[in-house]
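What follows is a single structure, written as structure tokens, with notes after it.
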Amino acid sequence: MSNPPGLAHDRPEERPDDRRWPLSLGGEAEFRTIANAAPAVVWACLSSGDLVFLNERWHEFTGQSVEEAHGYGWTSAVHPDDAARILPFWQHCLETGETYEGEVRYRRHDGEYRWHIFRALPQRNTKGDIEKWFGCGVDIHDAKLAEAALHESESRFRALFSSIDEGYCLCEIVLDAGGRAVDYRFLEVNPLFESMTGLIDAVGRTARELVPNLEPHWVETYARVALDGEAFRFENGSDAMERWFDVFATSVEPRGRFALVFKDITERKRSEVERERLLAAEQAARRDAEAAVQSQDHFLSIASHELRTPVAAIKGAAQLLLRRLARDSIDPVGLARTLGVIETTADRLTRLVGDLLDVSRIRTGRLALHWQPLDLAEFVREAAARAETRLDSQHQIILELPATIRTVSADPDRLEQVLDNLLNNAVKYSPQGGDVRVILGEDHAEQTGHASTGENRGVRLTVQDQGIGLPPGMEEIIFEPFGRASNATQNHLPGMGLGLYISRHIVEQHGGRIWVESPGEGQGTRFHVWLPFEPPPATVASASRPAHERTAVGDRVSTGGSGADV
Amino acid sequence: VSQPGGTFAVLVVDDDPAIQYVLAEALRDDGYEVRTVTNGAEALDVLRTWTPDVIVLDLMMPLMDGWTFRTEQRARGLAVEVSVIVLSASRGAEAAAQELEAMAVLAKPFNLIDLLDTVERACAGTSHRDQR
């Protein structure tokens, strides 16, 4: 057996020198007393391994008699699994003199195996040879079980928080010098934490370090949890993180710590928002539908009033002639006048019906343009001359036209419809009479919204009257279907509110724009029509439906009115 | 042929020139004296110097409508005893007859014979009858 000299001095600084104690052992009796006093199994054997002593505790614990334990008999109390491990090691220690230590299960007298921790040291003579071995074993079974249970619980806990589909983190509140909660630090997070919060390598760092613009309400809430021991469950959104969370927060020992279990509910919140949006859209659609029905009613009531008046005149004129025929009192002059009234009124009726059909065409996208090159100066001159024959003597049309102007692409019939509308309006809304000016010129400043084509070269046609003007805020309403200015309806100036709506549609379909200016009520109005020289191709298609189909009450018109000539 | 118009006079208040023409011609055929105006304001002007036996009144007119005309007429005590026949293309005009203190409301398009009969009945109840 090797006996390396100086073994006892291997780590002299770590071995307190117990020989400094003034102990003088009185022999075997005192050893037995010590051995039996220890709450442990104590044993001694020769360098050969032959057992020479076991204390009372061994016999009490195992129930073995001295005879049964003698020699290697004690090994029958070692758990078979452990015996296969420790007996070769014991043999190894006997040969080398290494400290024999480890853990082993001994069978108790009732058959239960209990874990022991053991340690045995060799005693050497002055030459350094091993004479005996002394060892002891302590029952650590309960502690080991508790440790195992703890380990098991810990690994269960780990498994749980690693595998759940919720985020988990353990945090501690960070206080400032004044003891106020200002932040919180992540101590532990589960794998889902990162993907849910988007916070990478959070452990050891604080929330504000990770999310500098974190909303204060998070810290306030968690401080109440951690410091006051409250538990909370809440839903909360973080704009800074662009997420919504369903959070369960509870305090954990020691004070100042809290644990969070949370779910990312951003998708759910988004779908809630989406549901609310859909609901709002549906309600808006219903309101629109109701408004459309109301607008339809409104339309029918106006349309029937407007249609009844000319029908009444035609019917009355016919009855007048029948009466005269019955009395044989027809004279050619009176007959011609009355037939003239019927003819003019029928024309008016035709225009009314035409407007109604145009509205129907616009609404179904079937108002088609027949394009051709057009000299606008010549066009305006001729159209105004035709219009003048329908106007009364109170109004005079004054033309301000350039000598020459570049041709535009346009539908002359539809454009004349627009000009007629504007002229009729100019007359109708200046019941006190006055000049109606028609001004034509090139205008390249107009922004058409067709910025991509860069096309802003075109012409502007202006129709200006000295009439009742337009109250402020009516500039848009009058272009809407059935839209009429408040001062038009208050004065019962006839009209359905369709002419400008139709005109706007026609102008926009030409790639142009129509708008109105009025200094105010009683100050006259100026309608402008801007048309591009060449409408961008896209315009033809995109303008085939009205830009906005709102309905409103109250506005200006274009139809009928001053056409009848008595 | 009897002339129901006799010495009676009618004021026609209507902004539609074709309606004005038809009413005036038919009433004159029957012997009435007729004046026409195009709104309530003009009617008030005429009534200051001339009192007809019947007023044929449209409701929807520019500058001054039929309702305002009646209110102003009563306020100024202008020809308040004169019978009023309302002619209107508006729905619900019949309901306004009482408010307007009209003896009759005819909806446009009206029957010319009905209107002439109504005018005749209105004149029959006036104090001018004895003068005829």
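In the structure tokens, chains take letters A, B, ... by order of appearance, with residues numbered from 1 within each chain and ligands from 1 in the order shown.
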
Filtered DSSP result for segment 226-431 of chain A, state alpha helix (DSSP H), as a PyMOL selection string: chain A and resi 226-228+266-327+332-363+376-388+412-428

Interface list for chain B, partner chain A, 12 Å threshold, only C-alpha atoms, as a PyMOL selection string: chain B and resi 1-2+14-30+38-41+58-68+87-93+106-116

Å distance separating atom CA of Ala385 of chain A from atom CA of Pro535 of chain A, one decimal place: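 Atom CA of Ala385 of chain A sits 27.2 Å away from atom CA of Pro535 of chain A.
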
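Counting only C-alpha atoms, Phe8 of chain B has the following residues at most 10 Å away, ignoring those fewer than 2 positions along the same chain: Pro4, Gly5, Gly6, Val10, Gly31, Tyr32, Glu33, Val34, Pro52, Asp53, Val54, Val119, Glu120, Cys123, Ala124, Thr126, His128, Arg129, Gln131 and Arg132 of chain B.
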
Chain B: residues DSSP assigns to strand (DSSP E), reported as a ChimeraX atom specification: /B:9-13,33-37,54-58,83-88,104-107

Can I get the selected residues back with C-alpha atoms, as an mmCIF file, in the first residue's frame?
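Printed below is again_21.cif as written:
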data_model
loop_
_atom_site.group_PDB
_atom_site.id
_atom_site.type_symbol
_atom_site.label_atom_id
_atom_site.label_comp_id
_atom_site.auth_asym_id
_atom_site.auth_seq_id
_atom_site.Cartn_x
_atom_site.Cartn_y
_atom_site.Cartn_z
ATOM 1 C CA ALA B 9 -112.982 91.617 -60.604
ATOM 2 C CA VAL B 10 -110.323 88.964 -59.921
ATOM 3 C CA LEU B 11 -106.694 89.337 -58.824
ATOM 4 C CA VAL B 12 -104.467 86.468 -60.000
ATOM 5 C CA VAL B 13 -101.283 86.019 -57.921
ATOM 6 C CA GLU B 33 -112.024 92.180 -64.892
ATOM 7 C CA VAL B 34 -108.584 90.613 -64.261
ATOM 8 C CA ARG B 35 -105.285 91.843 -62.968
ATOM 9 C CA THR B 36 -102.192 89.607 -62.643
ATOM 10 C CA VAL B 37 -99.176 89.886 -60.358
ATOM 11 C CA VAL B 54 -111.797 87.283 -55.574
ATOM 12 C CA ILE B 55 -108.081 86.588 -55.156
ATOM 13 C CA VAL B 56 -106.653 83.475 -56.870
ATOM 14 C CA LEU B 57 -103.471 82.773 -54.941
ATOM 15 C CA ASP B 58 -100.454 80.567 -55.633
ATOM 16 C CA SER B 83 -112.543 85.580 -50.906
ATOM 17 C CA VAL B 84 -109.281 83.728 -51.546
ATOM 18 C CA ILE B 85 -108.985 80.648 -53.772
ATOM 19 C CA VAL B 86 -105.638 78.874 -53.341
ATOM 20 C CA LEU B 87 -104.038 77.172 -56.332
ATOM 21 C CA SER B 88 -101.030 75.063 -55.457
ATOM 22 C CA ALA B 104 -111.212 76.779 -51.524
ATOM 23 C CA VAL B 105 -107.952 75.065 -52.384
ATOM 24 C CA LEU B 106 -107.426 73.653 -55.870
ATOM 25 C CA ALA B 107 -104.455 71.406 -56.606
#

Shell around Leu192 of chain A at 9 Å using only C-alpha atoms, local window under 6 positions removed, as a count of residues only: 8

Shell around Asp264 of chain A at 9 Å using only C-alpha atoms, local window under 6 positions removed, as a list of chain:residue names: A:Glu166, A:Gly167, A:Met196, A:Thr197, A:Arg243, A:Trp244, A:Phe245, A:Asp246, A:Val247

For Leu227 of chain A, the nearest of the candidates A:Ile173, A:Leu399, A:Ala202, A:Met241, counting only C-alpha atoms: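 Among the listed residues, the smallest separation from Leu227 of chain A belongs to A:Ile173.
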